[in-house]
$ cat final-v3.txt   # compact mmCIF, C-alpha atoms
# COMPACT_ATOMS: atom_id res chain seq x y z
CA MET A 1 -11.17 16.61 13.94
CA GLU A 2 -13.97 19.12 13.45
CA TYR A 3 -14.48 21.89 15.96
CA GLY A 4 -17.71 23.65 16.84
CA ILE A 5 -18.10 27.40 17.13
CA PHE A 6 -17.48 27.50 20.88
CA GLN A 7 -14.23 25.52 20.51
CA ILE A 8 -13.05 27.84 17.75
CA ILE A 9 -13.65 30.88 19.97
CA ILE A 10 -11.72 29.39 22.92
CA LEU A 11 -8.95 28.11 20.62
CA SER A 12 -8.31 31.40 18.86
CA ILE A 13 -8.60 33.67 21.92
CA PHE A 14 -6.64 31.64 24.47
CA ILE A 15 -4.95 28.47 23.27
CA ASN A 16 -3.65 29.61 19.87
CA ASN A 17 -3.53 33.29 20.78
CA PHE A 18 -2.42 35.20 17.72
CA VAL A 19 0.37 37.12 19.41
CA LEU A 20 1.63 34.84 22.14
CA ALA A 21 1.33 31.44 20.47
CA ARG A 22 1.29 32.14 16.71
CA PHE A 23 3.63 35.17 16.68
CA LEU A 24 1.43 37.25 14.40
CA GLY A 25 1.05 41.01 14.76
CA LEU A 26 4.13 41.56 16.89
CA CYS A 27 4.92 45.01 15.47
CA PRO A 28 1.74 46.67 16.82
CA TYR A 29 2.02 44.53 19.95
CA MET A 30 5.41 46.07 20.73
CA GLY A 31 4.76 49.48 19.16
CA VAL A 32 1.28 50.47 20.35
CA SER A 33 1.31 48.94 23.83
CA LYS A 34 2.78 51.90 25.69
CA GLN A 35 -0.59 53.45 26.60
CA LEU A 36 -3.88 51.84 27.50
CA ASP A 37 -6.06 54.14 25.34
CA SER A 38 -4.15 53.57 22.15
CA ALA A 39 -3.99 49.83 22.86
CA VAL A 40 -7.79 49.66 23.03
CA GLY A 41 -8.12 51.70 19.81
CA MET A 42 -5.61 49.55 17.93
CA GLY A 43 -7.24 46.36 19.18
CA MET A 44 -10.67 47.47 17.99
CA ALA A 45 -9.32 48.55 14.61
CA VAL A 46 -7.54 45.21 14.11
CA THR A 47 -10.61 43.19 15.11
CA PHE A 48 -12.78 45.18 12.71
CA VAL A 49 -10.42 44.91 9.73
CA MET A 50 -9.67 41.23 10.44
CA THR A 51 -13.35 40.29 10.33
CA ILE A 52 -14.07 42.21 7.12
CA ALA A 53 -10.85 41.04 5.44
CA SER A 54 -11.69 37.41 6.28
CA LEU A 55 -15.17 37.81 4.86
CA VAL A 56 -13.89 39.28 1.60
CA THR A 57 -10.99 36.86 1.16
CA TRP A 58 -13.25 33.87 1.86
CA LEU A 59 -15.68 35.02 -0.83
CA LEU A 60 -12.88 35.66 -3.32
CA TYR A 61 -11.25 32.30 -2.63
CA THR A 62 -14.46 30.30 -2.93
CA PHE A 63 -16.03 32.07 -5.91
CA PHE A 64 -12.98 33.04 -7.89
CA LEU A 65 -9.73 31.27 -7.04
CA ALA A 66 -10.64 27.72 -6.04
CA PRO A 67 -12.07 25.35 -8.70
CA THR A 68 -15.27 24.64 -6.76
CA TYR A 69 -18.86 24.28 -7.91
CA GLN A 70 -19.41 27.83 -6.63
CA ASN A 71 -16.69 29.24 -8.88
CA ILE A 72 -18.09 32.00 -11.09
CA PHE A 73 -16.57 30.44 -14.22
CA TYR A 74 -18.75 27.40 -13.52
CA THR A 75 -21.93 29.20 -12.40
CA LEU A 76 -21.97 32.19 -14.74
CA PHE A 77 -20.06 31.09 -17.83
CA SER A 78 -20.99 27.39 -17.53
CA THR A 79 -17.42 26.24 -18.09
CA PRO A 80 -17.23 22.46 -17.57
CA ILE A 81 -15.98 21.81 -14.02
CA GLN A 82 -12.72 20.14 -15.18
CA ASN A 83 -11.87 23.27 -17.21
CA VAL A 84 -12.44 25.74 -14.37
CA PRO A 85 -9.03 27.35 -13.79
CA ASP A 86 -7.33 26.56 -10.49
CA LEU A 87 -6.05 29.97 -9.41
CA THR A 88 -5.27 29.07 -5.81
CA PHE A 89 -1.57 29.83 -6.35
CA LEU A 90 -2.50 33.51 -6.74
CA ARG A 91 -3.72 33.53 -3.13
CA THR A 92 -0.89 35.64 -1.68
CA ILE A 93 -0.97 38.35 -4.36
CA VAL A 94 -4.77 38.60 -4.40
CA PHE A 95 -5.12 38.65 -0.62
CA ILE A 96 -2.50 41.32 0.04
CA LEU A 97 -3.92 43.58 -2.65
CA VAL A 98 -7.47 43.10 -1.40
CA ILE A 99 -6.44 43.79 2.19
CA ALA A 100 -4.45 46.90 1.26
CA SER A 101 -7.30 48.40 -0.77
CA LEU A 102 -9.88 47.31 1.79
CA VAL A 103 -8.07 49.18 4.54
CA GLN A 104 -7.97 52.31 2.36
CA PHE A 105 -11.67 51.93 1.60
CA ILE A 106 -12.65 51.37 5.25
CA GLU A 107 -10.65 54.43 6.23
CA MET A 108 -12.44 56.61 3.66
CA TYR A 109 -15.84 55.18 4.58
CA ILE A 110 -15.44 55.66 8.33
CA GLN A 111 -14.14 59.19 7.82
CA LYS A 112 -17.27 60.04 5.86
CA VAL A 113 -19.85 58.20 7.95
CA SER A 114 -18.68 58.46 11.53
CA PRO A 115 -16.14 61.14 12.41
CA THR A 116 -16.18 60.00 16.07
CA LEU A 117 -15.18 56.47 15.16
CA TYR A 118 -12.61 57.89 12.76
CA ARG A 119 -11.02 59.91 15.53
CA ALA A 120 -10.81 56.75 17.65
CA LEU A 121 -9.51 54.34 14.97
CA GLY A 122 -8.29 56.59 12.16
CA ILE A 123 -4.61 56.83 12.95
CA TYR A 124 -4.30 53.06 13.44
CA LEU A 125 -5.85 52.06 10.13
CA PRO A 126 -2.87 52.85 7.84
CA LEU A 127 -0.62 50.86 10.17
CA ILE A 128 -2.80 47.81 9.71
CA THR A 129 -2.05 47.20 6.01
CA THR A 130 1.34 45.66 6.72
CA ASN A 131 0.17 43.96 9.91
CA CYS A 132 0.89 40.28 9.41
CA ALA A 133 -2.02 39.31 11.66
CA ILE A 134 -4.54 40.36 8.99
CA LEU A 135 -2.96 38.44 6.12
CA GLY A 136 -2.18 35.68 8.63
CA VAL A 137 -5.81 35.18 9.62
CA ALA A 138 -6.89 35.18 5.96
CA VAL A 139 -4.33 32.51 5.06
CA LEU A 140 -5.08 30.48 8.22
CA ASN A 141 -8.80 30.46 7.42
CA ILE A 142 -8.01 28.90 4.07
CA ASP A 143 -5.60 26.39 5.63
CA LEU A 144 -7.99 25.34 8.39
CA PHE A 145 -11.45 25.52 6.83
CA PHE A 146 -10.72 24.30 3.31
CA ALA A 147 -9.71 20.78 2.39
CA ASP A 148 -8.12 20.30 -1.07
CA GLY A 149 -9.47 23.65 -2.21
CA LEU A 150 -13.06 22.80 -1.24
CA PRO A 151 -14.81 24.55 1.66
CA LYS A 152 -15.59 22.31 4.62
CA ASP A 153 -19.01 22.26 6.32
CA SER A 154 -20.10 25.70 7.57
CA SER A 155 -16.64 27.04 6.74
CA PHE A 156 -18.04 30.51 6.13
CA ILE A 157 -19.41 30.88 9.68
CA HIS A 158 -16.26 29.31 11.15
CA THR A 159 -14.11 31.75 9.18
CA LEU A 160 -15.98 34.76 10.53
CA VAL A 161 -15.96 33.40 14.09
CA GLN A 162 -12.26 32.63 13.96
CA ALA A 163 -11.40 36.07 12.55
CA PHE A 164 -13.48 37.93 15.13
CA SER A 165 -12.22 35.95 18.10
CA ALA A 166 -8.61 36.18 16.88
CA GLY A 167 -9.12 39.94 16.94
CA ILE A 168 -10.55 39.77 20.45
CA GLY A 169 -7.57 37.66 21.56
CA PHE A 170 -5.21 40.22 20.02
CA THR A 171 -7.01 43.06 21.82
CA LEU A 172 -6.91 41.14 25.11
CA VAL A 173 -3.13 40.63 25.13
CA LEU A 174 -2.49 44.14 23.77
CA VAL A 175 -4.51 45.69 26.61
CA LEU A 176 -2.88 43.43 29.23
CA MET A 177 0.55 44.36 27.89
CA ALA A 178 -0.30 48.08 27.92
CA GLY A 179 -1.37 47.79 31.56
CA ILE A 180 1.92 46.14 32.48
CA ARG A 181 4.02 48.60 30.50
CA GLU A 182 2.33 51.61 32.11
CA LYS A 183 3.45 50.21 35.47
CA LEU A 184 6.91 49.40 34.09
CA GLU A 185 7.47 53.10 33.35
CA LEU A 186 7.70 53.66 37.11
CA ALA A 187 9.82 50.61 37.87
CA ASN A 188 13.56 50.71 38.36
CA ILE A 189 14.85 48.60 35.47
CA PRO A 190 18.58 47.98 34.82
CA LYS A 191 19.77 50.21 31.98
CA PRO A 192 20.53 47.57 29.32
CA LEU A 193 17.06 46.05 29.76
CA GLN A 194 15.13 49.29 29.34
CA GLY A 195 12.76 49.61 26.37
CA LEU A 196 12.33 46.67 24.02
CA PRO A 197 14.29 43.97 25.94
CA ILE A 198 12.10 44.16 29.03
CA ALA A 199 8.98 44.29 26.82
CA PHE A 200 10.05 41.02 25.19
CA ILE A 201 10.74 39.39 28.55
CA VAL A 202 7.31 40.50 29.81
CA ALA A 203 5.80 39.04 26.63
CA GLY A 204 7.65 35.80 27.34
CA LEU A 205 6.21 35.62 30.85
CA MET A 206 2.71 36.36 29.51
CA SER A 207 3.23 33.65 26.93
CA ILE A 208 4.12 31.18 29.72
CA ALA A 209 0.88 32.13 31.44
CA PHE A 210 -1.10 31.60 28.23
CA LEU A 211 0.63 28.25 27.74
CA GLY A 212 -1.42 27.12 30.75
CA PHE A 213 -4.57 27.34 28.61
CA SER A 214 -3.27 24.62 26.28
CA GLY A 215 -4.04 22.11 29.05
CA MET A 216 -7.73 22.90 28.69
CA ASN A 217 -9.83 19.99 27.48
CA ILE A 218 -12.35 21.53 25.07
CA LYS A 219 -13.82 18.52 23.34
CA MET B 220 34.37 51.20 -0.79
CA SER B 221 30.85 52.58 -0.54
CA VAL B 222 29.33 49.42 -2.01
CA MET B 223 31.28 47.43 0.56
CA SER B 224 29.99 49.59 3.42
CA GLU B 225 26.39 49.23 2.17
CA PHE B 226 26.95 45.49 2.28
CA ILE B 227 28.57 45.44 5.74
CA LYS B 228 26.08 47.72 7.51
CA GLY B 229 23.22 45.23 7.36
CA ILE B 230 25.19 42.60 9.20
CA TYR B 231 25.91 44.37 12.48
CA LYS B 232 25.51 48.16 12.59
CA GLU B 233 22.01 48.21 11.11
CA ASN B 234 21.05 44.60 11.66
CA PRO B 235 17.36 44.43 10.65
CA VAL B 236 16.35 42.25 13.59
CA PHE B 237 18.50 43.36 16.51
CA ARG B 238 19.02 47.03 15.63
CA LEU B 239 15.98 48.08 13.61
CA ALA B 240 13.56 45.56 15.23
CA LEU B 241 11.94 44.82 11.85
CA GLY B 242 10.36 41.57 10.71
CA LEU B 243 10.03 40.10 14.17
CA CYS B 244 7.09 37.77 13.53
CA PRO B 245 8.93 35.25 11.31
CA VAL B 246 12.08 35.56 13.44
CA LEU B 247 10.29 34.44 16.59
CA ALA B 248 8.07 31.88 14.90
CA VAL B 249 10.53 29.84 12.82
CA SER B 250 13.60 29.96 15.07
CA THR B 251 12.84 26.61 16.70
CA SER B 252 15.64 24.91 14.76
CA ILE B 253 18.65 26.04 12.76
CA SER B 254 17.51 24.34 9.56
CA ASN B 255 14.21 26.25 9.68
CA ALA B 256 16.16 29.45 10.34
CA ILE B 257 18.40 28.89 7.30
CA GLY B 258 15.40 28.10 5.09
CA MET B 259 13.51 31.21 6.17
CA GLY B 260 16.65 33.36 5.87
CA ALA B 261 17.33 32.11 2.35
CA ALA B 262 13.72 32.67 1.25
CA THR B 263 13.66 36.19 2.67
CA THR B 264 17.05 37.05 1.17
CA PHE B 265 15.89 35.87 -2.25
CA VAL B 266 12.72 37.99 -2.11
CA LEU B 267 14.66 40.97 -0.75
CA LEU B 268 17.30 40.74 -3.47
CA SER B 269 14.87 40.26 -6.37
CA SER B 270 12.48 42.98 -5.24
CA ASN B 271 15.34 45.42 -4.64
CA ILE B 272 16.65 44.76 -8.16
CA ILE B 273 13.24 45.18 -9.81
CA VAL B 274 12.30 48.26 -7.77
CA SER B 275 15.64 49.94 -8.43
CA LEU B 276 15.41 49.22 -12.18
CA LEU B 277 11.75 50.31 -12.35
CA MET B 278 12.47 53.64 -10.69
CA LEU B 279 15.44 54.18 -13.03
CA LEU B 280 13.21 53.41 -16.02
CA PHE B 281 10.48 55.77 -14.83
CA SER B 282 12.96 58.58 -14.25
CA LYS B 283 14.23 58.09 -17.86
CA ILE B 284 10.98 57.78 -19.80
CA LEU B 285 8.41 59.77 -17.83
CA SER B 286 7.82 63.49 -17.71
CA GLU B 287 7.84 65.31 -14.38
CA ASP B 288 4.03 65.01 -14.01
CA GLY B 289 4.15 61.32 -14.80
CA GLN B 290 6.78 60.80 -12.12
CA LYS B 291 4.61 62.60 -9.60
CA SER B 292 1.64 60.35 -10.27
CA ILE B 293 3.85 57.23 -10.21
CA ASN B 294 5.09 58.38 -6.82
CA LYS B 295 1.56 58.27 -5.45
CA ILE B 296 1.03 54.62 -6.34
CA ARG B 297 4.55 53.41 -5.62
CA ILE B 298 3.70 51.48 -2.41
CA PRO B 299 1.00 49.28 -4.03
CA MET B 300 3.39 48.77 -6.94
CA PHE B 301 6.15 47.57 -4.61
CA ILE B 302 3.71 45.25 -2.84
CA VAL B 303 2.76 43.61 -6.14
CA VAL B 304 6.43 43.11 -7.05
CA ILE B 305 7.15 41.58 -3.61
CA ALA B 306 4.03 39.39 -3.66
CA SER B 307 4.97 37.96 -7.06
CA PHE B 308 8.39 36.89 -5.82
CA VAL B 309 6.86 35.44 -2.64
CA THR B 310 4.52 33.37 -4.80
CA ILE B 311 7.54 32.06 -6.72
CA VAL B 312 9.25 31.12 -3.44
CA GLU B 313 6.06 29.47 -2.18
CA MET B 314 5.72 27.30 -5.29
CA VAL B 315 9.42 26.37 -5.47
CA MET B 316 9.50 25.47 -1.77
CA SER B 317 6.43 23.26 -1.86
CA ALA B 318 7.76 21.51 -4.97
CA TYR B 319 11.39 20.93 -3.96
CA PHE B 320 11.51 21.26 -0.13
CA PRO B 321 8.16 19.86 1.06
CA ILE B 322 9.36 19.20 4.64
CA LEU B 323 10.77 22.70 5.08
CA SER B 324 7.67 24.23 3.51
CA GLU B 325 5.49 22.23 5.91
CA SER B 326 7.39 23.41 8.99
CA LEU B 327 7.55 27.07 7.91
CA GLY B 328 3.81 26.92 7.20
CA ILE B 329 1.98 30.22 6.83
CA PHE B 330 5.16 32.20 7.36
CA ILE B 331 6.13 31.70 3.71
CA PRO B 332 3.15 33.68 2.33
CA LEU B 333 3.66 36.11 5.20
CA ILE B 334 7.07 37.14 3.78
CA VAL B 335 4.95 39.64 1.82
CA VAL B 336 4.18 41.63 4.97
CA ASN B 337 7.70 41.35 6.39
CA CYS B 338 8.52 45.00 7.05
CA ILE B 339 12.21 44.54 6.13
CA ILE B 340 11.40 43.92 2.47
CA LEU B 341 8.97 46.79 1.92
CA GLY B 342 11.19 48.94 4.13
CA ARG B 343 14.29 48.34 1.98
CA ALA B 344 12.35 48.71 -1.30
CA GLU B 345 10.81 52.02 -0.21
CA GLY B 346 13.66 53.36 1.91
CA TYR B 347 16.66 52.26 -0.13
CA ALA B 348 16.14 50.67 -3.55
CA SER B 349 13.68 53.28 -4.83
CA LYS B 350 16.25 56.03 -4.27
CA ASN B 351 19.50 54.31 -5.20
CA PRO B 352 21.06 52.80 -8.34
CA LEU B 353 21.21 49.09 -9.04
CA ILE B 354 24.61 48.01 -7.65
CA PRO B 355 24.28 49.58 -4.16
CA SER B 356 20.71 48.23 -3.98
CA ILE B 357 22.00 44.72 -4.63
CA ALA B 358 24.70 45.13 -1.97
CA ASP B 359 22.13 46.50 0.47
CA ALA B 360 19.74 43.59 -0.15
CA ILE B 361 22.43 40.93 0.26
CA GLY B 362 23.80 42.60 3.40
CA MET B 363 20.37 42.94 4.98
CA GLY B 364 19.45 39.38 3.97
CA ILE B 365 22.62 37.97 5.52
CA GLY B 366 22.08 40.09 8.65
CA PHE B 367 18.53 38.76 8.94
CA THR B 368 19.68 35.16 8.42
CA LEU B 369 22.50 35.50 10.98
CA ALA B 370 20.10 36.95 13.57
CA LEU B 371 17.69 34.07 12.94
CA ILE B 372 20.52 31.54 13.29
CA ALA B 373 21.74 33.20 16.51
CA ILE B 374 18.29 32.84 18.08
CA ALA B 375 17.69 29.37 16.69
CA PHE B 376 21.13 28.23 17.96
CA LEU B 377 20.20 28.87 21.61
CA ARG B 378 16.64 27.59 21.24
CA GLU B 379 17.58 24.36 19.47
CA LEU B 380 20.58 23.67 21.71
CA LEU B 381 18.69 24.15 24.97
CA GLY B 382 15.25 23.10 23.78
CA SER B 383 16.09 19.81 22.11
CA GLY B 384 19.81 19.33 22.78
CA THR B 385 20.68 19.19 19.08
CA LEU B 386 22.22 21.43 16.42
CA LEU B 387 21.11 20.94 12.80
CA GLY B 388 19.61 17.65 13.96
CA GLN B 389 22.94 16.36 15.38
CA ASN B 390 22.86 15.35 19.03
CA ILE B 391 25.20 17.69 20.94
CA MET B 392 24.29 17.48 24.58
CA GLY B 393 24.39 13.69 24.97
CA GLY B 394 21.82 11.27 26.30
CA GLY B 395 21.76 12.46 29.91
CA PHE B 396 20.64 15.98 28.96
CA LYS B 397 17.04 16.85 29.78
CA PRO B 398 15.80 19.32 27.13
CA VAL B 399 14.36 22.60 28.41
CA LEU B 400 11.08 22.24 26.57
CA LEU B 401 10.16 25.87 27.28
CA MET B 402 12.84 27.04 24.83
CA ILE B 403 11.19 25.56 21.75
CA LEU B 404 7.74 26.61 22.91
CA PRO B 405 6.66 30.21 22.15
CA PRO B 406 7.84 31.75 25.48
CA GLY B 407 11.43 30.69 24.74
CA ALA B 408 11.49 32.85 21.61
CA PHE B 409 10.42 35.98 23.51
CA LEU B 410 12.90 35.38 26.33
CA VAL B 411 15.86 34.64 24.01
CA ILE B 412 15.33 37.72 21.81
CA GLY B 413 14.82 39.89 24.92
CA LEU B 414 18.11 38.70 26.37
CA TYR B 415 19.96 39.16 23.05
CA LEU B 416 18.67 42.76 22.79
CA ALA B 417 19.71 43.41 26.39
CA LEU B 418 23.19 42.00 25.67
CA LEU B 419 23.63 44.31 22.64
CA ASN B 420 22.41 47.29 24.69
CA TRP B 421 24.87 46.40 27.41
CA LEU B 422 27.77 46.22 24.92
CA ASP B 423 26.77 49.63 23.50
CA LEU B 424 26.56 51.18 26.95
CA ARG B 425 29.98 49.83 27.86
CA LYS B 426 31.51 51.18 24.67
CA LYS B 427 29.98 54.59 25.34
CA GLU B 428 31.36 54.71 28.89
CA SER B 429 34.94 53.78 28.00

$ encode --input "final-v3.txt" --output "C-alpha cells"
Amino acid sequence: MEYGIFQIIILSIFINNFVLARFLGLCPYMGVSKQLDSAVGMGMAVTFVMTIASLVTWLLYTFFLAPTYQNIFYTLFSTPIQNVPDLTFLRTIVFILVIASLVQFIEMYIQKVSPTLYRALGIYLPLITTNCAILGVAVLNIDLFFADGLPKDSSFIHTLVQAFSAGIGFTLVLVLMAGIREKLELANIPKPLQGLPIAFIVAGLMSIAFLGFSGMNIK
Amino acid sequence: MSVMSEFIKGIYKENPVFRLALGLCPVLAVSTSISNAIGMGAATTFVLLSSNIIVSLLMLLFSKILSEDGQKSINKIRIPMFIVVIASFVTIVEMVMSAYFPILSESLGIFIPLIVVNCIILGRAEGYASKNPLIPSIADAIGMGIGFTLALIAIAFLRELLGSGTLLGQNIMGGGFKPVLLMILPPGAFLVIGLYLALLNWLDLRKKES
C-alpha cells in the first residue's frame, strides 16, 4: 500500500524507529549517549548526512545504476532502452564509496564555511562514515520507493522525507537515552550490570515503550 | 602455537560481540532464529576471511614493490582501499545468497548489504591483517568469524526458544507452551544481550575475587 508524506514521517520516527525497531546505528547510540550535549550534536550530524546521502544515492541510482528512462545512457547517449546496462548489483559498492567521500567533503565544506557549525558537528562527522544507519537509509529508500528498479510515484520526495525523519527519530532516542544515562551515573547499580549491560537493558525498556506506537492506526 | 592462539582468541577472550562490542546492529537484528544466525555468521565469516586474505596480500605486495614514499602515500588511502575490497566481497555474498538461498536472503534483508559497515570486518582488516602476514591473518579471520557466529547463535538460541518455542524450526517446548512474543520482537534482543554481557561481567568479577 502507498503511504503519504505524513504517514512516512510517523512511520520512520516512531513505529519503525531506526534504532529501537530496525537496529541501525547502534554504535553511536551506545557510544555517544553518555552526555546530553554530545547526543544532540551527533543527532544533528547524522540527520544532516542522512538527508544529503539519500539525495545523492537516489540520484545516482535513478540516473546511473537502474535501467530506467532517466538513465544517462538512454538520455545522453541515446542507447536503445533494452541495451541500457543494469548496474543495480553495484549498489553496495557505489553507495558506500559515495557516502564515505560525501562525509569527507561535507566535513571540509563546513570547516571552511561555518567554523561554529564545525565546532558543534566536526568531531562526529568522521564517526559517521561507518555508521550503518546512513547506508541503511540509502538501501531502505531503494527497497521501499523503487519497484523492479523503477522509481514509484513521487519517490524522490518520499526518499528525502524518510531520510530526514529517520534522522529526527535517531536524534530523539539518542537524546532520551542520554537523559536516562546521565541519571544512571548517580544510581546504585549492581557491579556486573554497570556500563554496557544496563545501557542495553534501558534500550530494551525504551524499545518496549516504542512498541506501543505500532498500535497506531495511521491510514 | 602462535597461529593457534590467534585462532582461539576470537572465540572467547576477544569475542567480537561480547568482549569488543563490535558489529552489534546485525547481531541484534537477525538473531530472531538460529537459522538466520547461522546464515549471517557464515556470510560475515566469508567476507572477513576473504578481505583479510586480500588485505594481507596487498600490503605484502606494496611493501615489496613500492619505495618508501610510495608506501607513505598508499598508507593515506588505505581505509578507502579496504572498504572497496570489503564491498566487493559483500556484493558477491549478496548475489550468491539471492540466487541460491532466496528465503534466507529475504529474512536477512538489508543486513546483507550492511555487512560492509560491520565494524568487525574493517576493524580486523585495519587492525590486524594490514600489519600481519597471511597465515596469522587467516587464523585471526576464522577465529573472529567463529566467535561472531557463536555469539549470534547464543543470542538466537534464547530468543527462538522463548519467543517461538522452537529450535532450528523443531518444536521443543510442546503444544502447551505460550511463546513469549516479546523475545522475538526488538526489545527481546536488547534485553538478552544486556543479560549476557552482565553474566560475562559477573564471571570476570568472580574470577578476579578468588

$ interface_residues --input "final-v3.txt" --of "chain A" --to "chain B" --cutoff "9 Å" --atoms "only C-alpha atoms" --output "count of residues only"
46

$ residues_near_point --input "final-v3.txt" --point "(25.3, 49.6, -3.2)" --cutoff "12 Å" --atoms "all atoms listed in the file" --output "ChimeraX atom specification"
/B:220-229,268,271-272,275,347-348,350-363

$ residues_around --input "final-v3.txt" --residues "region 111-123 of chain A" --least-positions-apart "6" --cutoff "12 Å" --atoms "only C-alpha atoms" --output "PyMOL selection string"
chain A and resi 32+37-49+103-105

$ atom_distance --input "final-v3.txt" --atom1 "CA of Leu381 (chain B)" --atom2 "CA of Ile403 (chain B)"
8.3 Å

$ atom_distance --input "final-v3.txt" --atom1 "CA of Ala138 (chain A)" --atom2 "CA of Ile298 (chain B)"
21.2 Å

$ atom_distance --input "final-v3.txt" --atom1 "CA of Leu184 (chain A)" --atom2 "CA of Pro28 (chain A)"
18.2 Å

$ closest_residue --input "final-v3.txt" --among "A:Ile72, A:Asn141, A:Tyr109, A:Phe64" --to "Val161 (chain A)" --atoms "all atoms listed in the file"
A:Asn141

$ axis_aligned_box --input "final-v3.txt" --around "region 373-381 of chain B" --padding-each-side "6 Å" --output "lines of an AutoDock Vina configuration file"
center_x = 19.2
center_y = 28.4
center_z = 20.7
size_x = 17.1
size_y = 21.5
size_z = 20.5

$ decode --input "final-v3.txt" --residues "region 400-413 of chain B" --atoms "N, CA and C atoms" --output "PDB file, in the first residue's frame"
ATOM      1  N   LEU B 400       6.168 -13.571  23.183  1.00  0.00           N
ATOM      2  CA  LEU B 400       6.315 -12.871  21.923  1.00  0.00           C
ATOM      3  C   LEU B 400       7.370 -11.759  21.998  1.00  0.00           C
ATOM      4  N   LEU B 401       7.482 -11.156  23.179  1.00  0.00           N
ATOM      5  CA  LEU B 401       8.430 -10.057  23.372  1.00  0.00           C
ATOM      6  C   LEU B 401       9.842 -10.444  22.935  1.00  0.00           C
ATOM      7  N   MET B 402      10.204 -11.737  23.124  1.00  0.00           N
ATOM      8  CA  MET B 402      11.583 -12.134  22.851  1.00  0.00           C
ATOM      9  C   MET B 402      11.935 -12.040  21.375  1.00  0.00           C
ATOM     10  N   ILE B 403      10.985 -12.315  20.472  1.00  0.00           N
ATOM     11  CA  ILE B 403      11.371 -12.175  19.057  1.00  0.00           C
ATOM     12  C   ILE B 403      11.100 -10.776  18.536  1.00  0.00           C
ATOM     13  N   LEU B 404      10.445  -9.947  19.324  1.00  0.00           N
ATOM     14  CA  LEU B 404      10.308  -8.537  18.941  1.00  0.00           C
ATOM     15  C   LEU B 404      11.597  -7.810  19.332  1.00  0.00           C
ATOM     16  N   PRO B 405      11.823  -6.599  18.791  1.00  0.00           N
ATOM     17  CA  PRO B 405      13.087  -5.900  19.073  1.00  0.00           C
ATOM     18  C   PRO B 405      13.494  -5.802  20.551  1.00  0.00           C
ATOM     19  N   PRO B 406      12.586  -5.534  21.515  1.00  0.00           N
ATOM     20  CA  PRO B 406      13.047  -5.394  22.901  1.00  0.00           C
ATOM     21  C   PRO B 406      13.775  -6.632  23.411  1.00  0.00           C
ATOM     22  N   GLY B 407      13.325  -7.830  22.988  1.00  0.00           N
ATOM     23  CA  GLY B 407      13.942  -9.068  23.438  1.00  0.00           C
ATOM     24  C   GLY B 407      15.424  -9.106  23.141  1.00  0.00           C
ATOM     25  N   ALA B 408      15.815  -8.590  21.955  1.00  0.00           N
ATOM     26  CA  ALA B 408      17.223  -8.603  21.574  1.00  0.00           C
ATOM     27  C   ALA B 408      18.047  -7.770  22.540  1.00  0.00           C
ATOM     28  N   PHE B 409      17.557  -6.560  22.859  1.00  0.00           N
ATOM     29  CA  PHE B 409      18.292  -5.686  23.782  1.00  0.00           C
ATOM     30  C   PHE B 409      18.423  -6.340  25.152  1.00  0.00           C
ATOM     31  N   LEU B 410      17.294  -6.911  25.648  1.00  0.00           N
ATOM     32  CA  LEU B 410      17.328  -7.490  26.993  1.00  0.00           C
ATOM     33  C   LEU B 410      18.277  -8.686  27.044  1.00  0.00           C
ATOM     34  N   VAL B 411      18.201  -9.573  26.011  1.00  0.00           N
ATOM     35  CA  VAL B 411      19.036 -10.781  26.043  1.00  0.00           C
ATOM     36  C   VAL B 411      20.518 -10.411  26.005  1.00  0.00           C
ATOM     37  N   ILE B 412      20.916  -9.479  25.106  1.00  0.00           N
ATOM     38  CA  ILE B 412      22.346  -9.160  25.030  1.00  0.00           C
ATOM     39  C   ILE B 412      22.789  -8.448  26.306  1.00  0.00           C
ATOM     40  N   GLY B 413      21.924  -7.618  26.894  1.00  0.00           N
ATOM     41  CA  GLY B 413      22.265  -6.974  28.164  1.00  0.00           C
ATOM     42  C   GLY B 413      22.523  -7.988  29.253  1.00  0.00           C
TER      43      GLY B 413
END
